[in-house]
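A short write-up of the structure that comes next.
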Amino acid sequence: MTVREIAEKLNLRVFSGEAGLDREVTGGYVSDLLSDVMGFAKDGSVWVTLQTHKNVMAIATLKELAAVVIVKGFEPEEDAKEVSEEEGIPILGSTEQTFELTGRIYNLLSRG
Amino acid sequence: MRLEYDVTAGDFTRAGNASSAIKKTLKQLGVSPAVIKRVVVAVYEAEVNIVAHSYGGHITAEVAPEGISVVLADTGPGIPDVQKAMQKGFSTASKEVREMGFGAGMGLPNIQENADDLKIETEVGRGTTLTIYIKF
Ligand SMILES: Nc1ncnc2c1ncn2[C@@H]1O[C@H](COP(=O)(O)OP(=O)(O)OP(=O)(O)O)[C@@H](O)[C@H]1O
Ligand SMILES: [Mg+2]
């Protein structure tokens, strides 16, 4: 499943990094602790978080994640969007809470 | 091959730049992706620790055919109890730093987990030097 399919099926807002919408998503990781993501997220994952700053994108880039999904209606900071554009790693957004949104992404991914 | 970078204390907007540059170089050299992943985790965590906990530092990466050695030296408060600092969950990060999602006390354990060899030299009131070695 691609980032685009997830964004369309779950009606997510695309903040930036549209060039990366055809990235293949192979899993997901949920955490607001950056070192947790650094240590344990797998490449190709979507990262669900409420963090909105540039370091999120530094980590997404270093870990070769497929996309970042920001929850609860928060919006990414400008410099985070810039990195997202440069690297072609989309930042998506949802007004839902982490629990509900993650459940929906999980269902999509496990149905394949 | 030797790569060198300065790291500015408190500048989180540039945290990860040195790790990113080292990653690019290793990719160009054709180092295996599995090894690059471990280097990235270890060097990023050590780089961010300089930003978050020191007064500034310098990174020197030495790339040889058999592996990479990265020395991250800072001037700063040093680490009074290294054993304690190595424990998962131990952190002295400030409130501001924690709000960004740093300060889980997972950085040093991540480095330990991913490095083939880790040496920590530290002196309270002076600074800290990490030497990370990862085989290719
Ligand atoms: N370069 C350093 N200079 C001074 N103290 C350090 C340095 N690196 C680590 N420490 C000390 O060791 C503690 C643990 O470091 P570690 O990287 O494991 O966690 P953290 O940086 O607090 O949080 P995280 O890495 O999860 O964001 C720090 O909180 C700090 O007290
Ligand atoms: Mg740390």
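Chains: A, B, ... in order of the structure tokens. Residues: from 1 per chain. Ligands: from 1, in order shown.
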
Counting only C-alpha atoms and all ligand atoms, name the residues that have an atom within 12 Å of an atom of ligand 2; the answer should be given as a ChimeraX atom specification.
/A:33-36,38-39 /B:15,41-54,85-94,97-98,101-112

Report as an mmCIF file with all heavy atoms, in the first residue's frame all protein, DNA and RNA residues lying within 9 Å of Phe74 of chain A, evaluated on only C-alpha atoms, omitting residues in the same chain fewer than 5 positions from it.
data_model
loop_
_atom_site.group_PDB
_atom_site.id
_atom_site.type_symbol
_atom_site.label_atom_id
_atom_site.label_comp_id
_atom_site.auth_asym_id
_atom_site.auth_seq_id
_atom_site.Cartn_x
_atom_site.Cartn_y
_atom_site.Cartn_z
ATOM 1 N N LEU A 50 2.428 13.279 17.656
ATOM 2 C CA LEU A 50 1.895 14.626 17.833
ATOM 3 C C LEU A 50 2.994 15.675 17.785
ATOM 4 O O LEU A 50 2.738 16.876 17.903
ATOM 5 C CB LEU A 50 1.064 14.738 19.120
ATOM 6 C CG LEU A 50 1.618 14.268 20.448
ATOM 7 C CD1 LEU A 50 2.738 15.124 20.973
ATOM 8 C CD2 LEU A 50 0.498 14.224 21.469
ATOM 9 N N GLN A 51 4.237 15.236 17.588
ATOM 10 C CA GLN A 51 5.344 16.193 17.448
ATOM 11 C C GLN A 51 5.270 16.869 16.081
ATOM 12 O O GLN A 51 4.919 16.214 15.090
ATOM 13 C CB GLN A 51 6.698 15.479 17.576
ATOM 14 C CG GLN A 51 6.918 14.796 18.912
ATOM 15 C CD GLN A 51 7.121 15.781 20.064
ATOM 16 O OE1 GLN A 51 7.273 16.983 19.856
ATOM 17 N NE2 GLN A 51 7.108 15.265 21.282
ATOM 18 N N THR A 52 5.626 18.142 16.019
ATOM 19 C CA THR A 52 5.431 18.902 14.775
ATOM 20 C C THR A 52 6.700 19.603 14.277
ATOM 21 O O THR A 52 6.661 20.339 13.300
ATOM 22 C CB THR A 52 4.372 19.999 15.004
ATOM 23 O OG1 THR A 52 4.812 20.835 16.086
ATOM 24 C CG2 THR A 52 3.012 19.407 15.356
ATOM 25 N N GLY A 93 -1.795 14.754 7.902
ATOM 26 C CA GLY A 93 -2.410 15.199 9.141
ATOM 27 C C GLY A 93 -3.813 14.660 9.296
ATOM 28 O O GLY A 93 -4.501 14.363 8.322
ATOM 29 N N SER A 94 -4.204 14.508 10.575
ATOM 30 C CA SER A 94 -5.547 14.031 10.893
ATOM 31 C C SER A 94 -6.037 14.776 12.117
ATOM 32 O O SER A 94 -5.235 15.175 12.970
ATOM 33 C CB SER A 94 -5.492 12.529 11.197
ATOM 34 O OG SER A 94 -6.686 12.118 11.814
ATOM 35 N N THR A 95 -7.352 14.964 12.204
ATOM 36 C CA THR A 95 -7.890 15.590 13.403
ATOM 37 C C THR A 95 -8.191 14.532 14.471
ATOM 38 O O THR A 95 -8.532 14.857 15.597
ATOM 39 C CB THR A 95 -9.194 16.354 13.088
ATOM 40 O OG1 THR A 95 -10.063 15.463 12.403
ATOM 41 C CG2 THR A 95 -8.916 17.565 12.208
#

Which neighbours of Ala34 of chain B fall inside 12 Å, counting only C-alpha atoms, when residues of the same chain fewer than 6 positions from it are skipped, and could you give them as a PDB file with all heavy atoms, in the first residue's frame?
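What follows is the written file selection14.pdb:
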ATOM      1  N   LYS A  42      11.128   0.933  11.807  1.00  0.00           N
ATOM      2  CA  LYS A  42      11.719   0.272  10.639  1.00  0.00           C
ATOM      3  C   LYS A  42      11.544   1.154   9.400  1.00  0.00           C
ATOM      4  O   LYS A  42      10.538   1.859   9.286  1.00  0.00           O
ATOM      5  CB  LYS A  42      11.022  -1.072  10.397  1.00  0.00           C
ATOM      6  CG  LYS A  42      11.109  -2.023  11.574  1.00  0.00           C
ATOM      7  CD  LYS A  42      12.082  -3.121  11.246  1.00  0.00           C
ATOM      8  CE  LYS A  42      12.454  -4.038  12.390  1.00  0.00           C
ATOM      9  NZ  LYS A  42      11.622  -4.082  13.569  1.00  0.00           N
ATOM     10  N   ASP A  43      12.487   1.061   8.469  1.00  0.00           N
ATOM     11  CA  ASP A  43      12.338   1.866   7.253  1.00  0.00           C
ATOM     12  C   ASP A  43      11.048   1.457   6.524  1.00  0.00           C
ATOM     13  O   ASP A  43      10.575   0.329   6.649  1.00  0.00           O
ATOM     14  CB  ASP A  43      13.569   1.757   6.342  1.00  0.00           C
ATOM     15  CG  ASP A  43      13.927   0.327   5.980  1.00  0.00           C
ATOM     16  OD1 ASP A  43      13.239  -0.598   6.432  1.00  0.00           O
ATOM     17  OD2 ASP A  43      14.893   0.137   5.227  1.00  0.00           O
ATOM     18  N   LYS A  63      15.949   7.607   9.064  1.00  0.00           N
ATOM     19  CA  LYS A  63      15.411   6.245   9.189  1.00  0.00           C
ATOM     20  C   LYS A  63      14.700   5.774   7.916  1.00  0.00           C
ATOM     21  O   LYS A  63      14.182   4.667   7.867  1.00  0.00           O
ATOM     22  CB  LYS A  63      14.409   6.184  10.359  1.00  0.00           C
ATOM     23  CG  LYS A  63      15.007   6.466  11.719  1.00  0.00           C
ATOM     24  CD  LYS A  63      15.967   5.392  12.198  1.00  0.00           C
ATOM     25  CE  LYS A  63      15.267   4.136  12.667  1.00  0.00           C
ATOM     26  NZ  LYS A  63      16.228   3.158  13.251  1.00  0.00           N
TER      27      LYS A  63
ATOM     28  N   LYS B  23      26.011   9.536   6.770  1.00  0.00           N
ATOM     29  CA  LYS B  23      25.183   8.533   6.104  1.00  0.00           C
ATOM     30  C   LYS B  23      25.360   8.603   4.583  1.00  0.00           C
ATOM     31  O   LYS B  23      25.552   7.578   3.921  1.00  0.00           O
ATOM     32  CB  LYS B  23      23.709   8.755   6.465  1.00  0.00           C
ATOM     33  CG  LYS B  23      22.767   7.769   5.806  1.00  0.00           C
ATOM     34  CD  LYS B  23      21.303   8.114   6.051  1.00  0.00           C
ATOM     35  CE  LYS B  23      20.405   7.168   5.266  1.00  0.00           C
ATOM     36  NZ  LYS B  23      19.003   7.552   5.336  1.00  0.00           N
ATOM     37  N   LEU B  26      28.723   7.170   3.492  1.00  0.00           N
ATOM     38  CA  LEU B  26      28.782   5.705   3.573  1.00  0.00           C
ATOM     39  C   LEU B  26      27.983   5.067   2.442  1.00  0.00           C
ATOM     40  O   LEU B  26      28.383   4.035   1.883  1.00  0.00           O
ATOM     41  CB  LEU B  26      28.276   5.211   4.931  1.00  0.00           C
ATOM     42  CG  LEU B  26      29.116   5.612   6.151  1.00  0.00           C
ATOM     43  CD1 LEU B  26      28.540   5.000   7.419  1.00  0.00           C
ATOM     44  CD2 LEU B  26      30.581   5.234   5.982  1.00  0.00           C
ATOM     45  N   LYS B  27      26.862   5.686   2.088  1.00  0.00           N
ATOM     46  CA  LYS B  27      26.061   5.182   0.958  1.00  0.00           C
ATOM     47  C   LYS B  27      26.874   5.229  -0.326  1.00  0.00           C
ATOM     48  O   LYS B  27      26.900   4.267  -1.096  1.00  0.00           O
ATOM     49  CB  LYS B  27      24.794   6.035   0.780  1.00  0.00           C
ATOM     50  CG  LYS B  27      23.577   5.465   1.458  1.00  0.00           C
ATOM     51  CD  LYS B  27      22.311   6.145   0.940  1.00  0.00           C
ATOM     52  CE  LYS B  27      21.080   5.348   1.325  1.00  0.00           C
ATOM     53  NZ  LYS B  27      19.837   6.087   1.037  1.00  0.00           N
ATOM     54  N   VAL B  40      23.884   5.244  11.684  1.00  0.00           N
ATOM     55  CA  VAL B  40      22.972   6.388  11.758  1.00  0.00           C
ATOM     56  C   VAL B  40      22.385   6.527  13.162  1.00  0.00           C
ATOM     57  O   VAL B  40      22.372   7.613  13.744  1.00  0.00           O
ATOM     58  CB  VAL B  40      21.850   6.251  10.702  1.00  0.00           C
ATOM     59  CG1 VAL B  40      20.680   7.154  11.022  1.00  0.00           C
ATOM     60  CG2 VAL B  40      22.397   6.567   9.311  1.00  0.00           C
ATOM     61  N   VAL B  41      21.893   5.431  13.724  1.00  0.00           N
ATOM     62  CA  VAL B  41      21.292   5.485  15.061  1.00  0.00           C
ATOM     63  C   VAL B  41      22.329   5.946  16.087  1.00  0.00           C
ATOM     64  O   VAL B  41      22.085   6.881  16.867  1.00  0.00           O
ATOM     65  CB  VAL B  41      20.697   4.120  15.478  1.00  0.00           C
ATOM     66  CG1 VAL B  41      20.187   4.176  16.916  1.00  0.00           C
ATOM     67  CG2 VAL B  41      19.581   3.700  14.530  1.00  0.00           C
ATOM     68  N   ASN B 114      23.770  -0.442  19.110  1.00  0.00           N
ATOM     69  CA  ASN B 114      24.120  -0.427  17.686  1.00  0.00           C
ATOM     70  C   ASN B 114      25.616  -0.400  17.398  1.00  0.00           C
ATOM     71  O   ASN B 114      26.020  -0.654  16.266  1.00  0.00           O
ATOM     72  CB  ASN B 114      23.432   0.756  16.989  1.00  0.00           C
ATOM     73  CG  ASN B 114      21.947   0.491  16.792  1.00  0.00           C
ATOM     74  OD1 ASN B 114      21.564  -0.198  15.865  1.00  0.00           O
ATOM     75  ND2 ASN B 114      21.116   0.992  17.697  1.00  0.00           N
ATOM     76  N   ILE B 134      32.121   0.863  14.492  1.00  0.00           N
ATOM     77  CA  ILE B 134      31.213  -0.095  13.843  1.00  0.00           C
ATOM     78  C   ILE B 134      31.930  -0.734  12.661  1.00  0.00           C
ATOM     79  O   ILE B 134      32.461  -0.053  11.781  1.00  0.00           O
ATOM     80  CB  ILE B 134      29.888   0.585  13.411  1.00  0.00           C
ATOM     81  CG1 ILE B 134      29.116   1.025  14.666  1.00  0.00           C
ATOM     82  CG2 ILE B 134      29.034  -0.384  12.574  1.00  0.00           C
ATOM     83  CD1 ILE B 134      27.838   1.788  14.399  1.00  0.00           C
ATOM     84  N   LYS B 135      31.965  -2.057  12.675  1.00  0.00           N
ATOM     85  CA  LYS B 135      32.617  -2.851  11.603  1.00  0.00           C
ATOM     86  C   LYS B 135      31.746  -2.853  10.352  1.00  0.00           C
ATOM     87  O   LYS B 135      30.524  -2.864  10.449  1.00  0.00           O
ATOM     88  CB  LYS B 135      32.742  -4.319  12.058  1.00  0.00           C
ATOM     89  CG  LYS B 135      33.857  -4.606  13.003  1.00  0.00           C
ATOM     90  CD  LYS B 135      34.191  -6.089  13.014  1.00  0.00           C
ATOM     91  CE  LYS B 135      33.115  -6.966  13.634  1.00  0.00           C
ATOM     92  NZ  LYS B 135      33.163  -7.069  15.096  1.00  0.00           N
ATOM     93  N   PHE B 136      32.383  -2.903   9.189  1.00  0.00           N
ATOM     94  CA  PHE B 136      31.620  -3.024   7.931  1.00  0.00           C
ATOM     95  C   PHE B 136      31.342  -4.490   7.621  1.00  0.00           C
ATOM     96  O   PHE B 136      32.004  -5.382   8.109  1.00  0.00           O
ATOM     97  CB  PHE B 136      32.392  -2.381   6.781  1.00  0.00           C
ATOM     98  CG  PHE B 136      32.434  -0.878   6.881  1.00  0.00           C
ATOM     99  CD1 PHE B 136      33.415  -0.160   6.204  1.00  0.00           C
ATOM    100  CD2 PHE B 136      31.510  -0.178   7.654  1.00  0.00           C
ATOM    101  CE1 PHE B 136      33.461   1.223   6.288  1.00  0.00           C
ATOM    102  CE2 PHE B 136      31.559   1.202   7.742  1.00  0.00           C
ATOM    103  CZ  PHE B 136      32.547   1.906   7.065  1.00  0.00           C
TER     104      PHE B 136
END

Would you return as a VMD selection string the members of chain B that DSSP assigns to strand (DSSP E) on this structure's backbone?
chain B and resid 2 to 7 57 to 64 67 to 75 117 to 123 127 to 135

Report as a list in words all protein, DNA and RNA residues lying within 10 Å of Lys54 of chain A, evaluated on only C-alpha atoms, omitting residues in the same chain fewer than 6 positions from it.
Ala60, Pro76, Glu77, Glu78, Asp79, Ala80, Lys81, Glu82, Val83 and Ser84 of chain A; Phe12, Thr13, Arg14, Ala15 and Met100 of chain B

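The closest residue to chain A, picked from B:Leu29, B:Ala18, B:Ile120, B:Met1 and counting only C-alpha atoms, is B:Ala18.
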
Near-Thr102 of chain A list (10 Å; only C-alpha atoms; drop same-chain fewer than 3 positions) as a compact mmCIF listing (two decimals) with N, CA and C atoms, in the first residue's frame:
# COMPACT_ATOMS: atom_id res chain seq x y z
N GLY A 28 4.21 0.45 10.48
CA GLY A 28 3.95 1.70 11.17
C GLY A 28 4.64 1.72 12.52
N TYR A 29 4.81 2.93 13.04
CA TYR A 29 5.38 3.08 14.37
C TYR A 29 4.71 4.27 15.04
N VAL A 30 4.38 4.12 16.32
CA VAL A 30 3.67 5.17 17.04
C VAL A 30 4.47 5.55 18.28
N VAL A 46 5.08 4.24 8.40
CA VAL A 46 4.47 5.54 8.67
C VAL A 46 4.61 5.78 10.17
N TRP A 47 4.97 7.01 10.50
CA TRP A 47 5.19 7.36 11.91
C TRP A 47 4.05 8.27 12.36
N VAL A 48 3.29 7.78 13.33
CA VAL A 48 2.17 8.55 13.88
C VAL A 48 2.64 9.26 15.15
N THR A 49 2.50 10.59 15.18
CA THR A 49 3.02 11.36 16.32
C THR A 49 2.27 12.67 16.49
N VAL A 69 2.61 11.06 10.10
CA VAL A 69 1.21 11.46 10.25
C VAL A 69 1.05 12.17 11.59
N VAL A 71 -1.20 13.88 14.42
CA VAL A 71 -2.56 13.64 14.92
C VAL A 71 -3.17 14.89 15.58
N GLU A 96 -8.04 13.26 14.10
CA GLU A 96 -8.34 12.19 15.06
C GLU A 96 -7.26 12.07 16.13
N GLN A 97 -7.61 11.32 17.17
CA GLN A 97 -6.66 10.98 18.22
C GLN A 97 -5.78 9.82 17.75
N THR A 98 -4.65 9.66 18.41
CA THR A 98 -3.69 8.63 18.02
C THR A 98 -4.30 7.24 17.98
N PHE A 99 -5.09 6.91 18.99
CA PHE A 99 -5.63 5.55 19.11
C PHE A 99 -6.49 5.19 17.89
N ILE A 105 -5.17 2.88 10.38
CA ILE A 105 -4.01 2.59 9.52
C ILE A 105 -3.66 1.11 9.64
N TYR A 106 -3.71 0.60 10.84
CA TYR A 106 -3.38 -0.81 11.07
C TYR A 106 -4.32 -1.71 10.26
N ASN A 107 -5.59 -1.41 10.30
CA ASN A 107 -6.56 -2.21 9.54
C ASN A 107 -6.27 -2.18 8.05
N LEU A 108 -5.96 -1.00 7.54
CA LEU A 108 -5.64 -0.89 6.11
C LEU A 108 -4.43 -1.75 5.76

Could you name the residues that touch Glu5 of chain A at 9 Å or less, counting only C-alpha atoms, but leaving out those on the same chain fewer than 4 positions away, as JSON, numbers by chain?
{"A": [1, 9, 10, 21, 22]}

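Comparing the minimum interatomic distances between ligand 1 and each of B:Ile132, B:Val63, B:Ala9, B:Val35, counting only C-alpha atoms and all ligand atoms, we find that B:Ala9 sits nearest.
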
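Between atom CA of Ile59 of chain A and atom CA of Leu101 of chain A there is a distance of 21.3 Å.
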
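In this model, the gap between atom CA of Asn55 of chain A and atom CA of Phe40 of chain A comes to 16.3 Å.
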
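For the residues A:Arg23, A:Asp32, A:Arg4, A:Gly17, ranking by smallest atom-to-atom distance to ligand 1 using only C-alpha atoms and all ligand atoms places A:Asp32 first.
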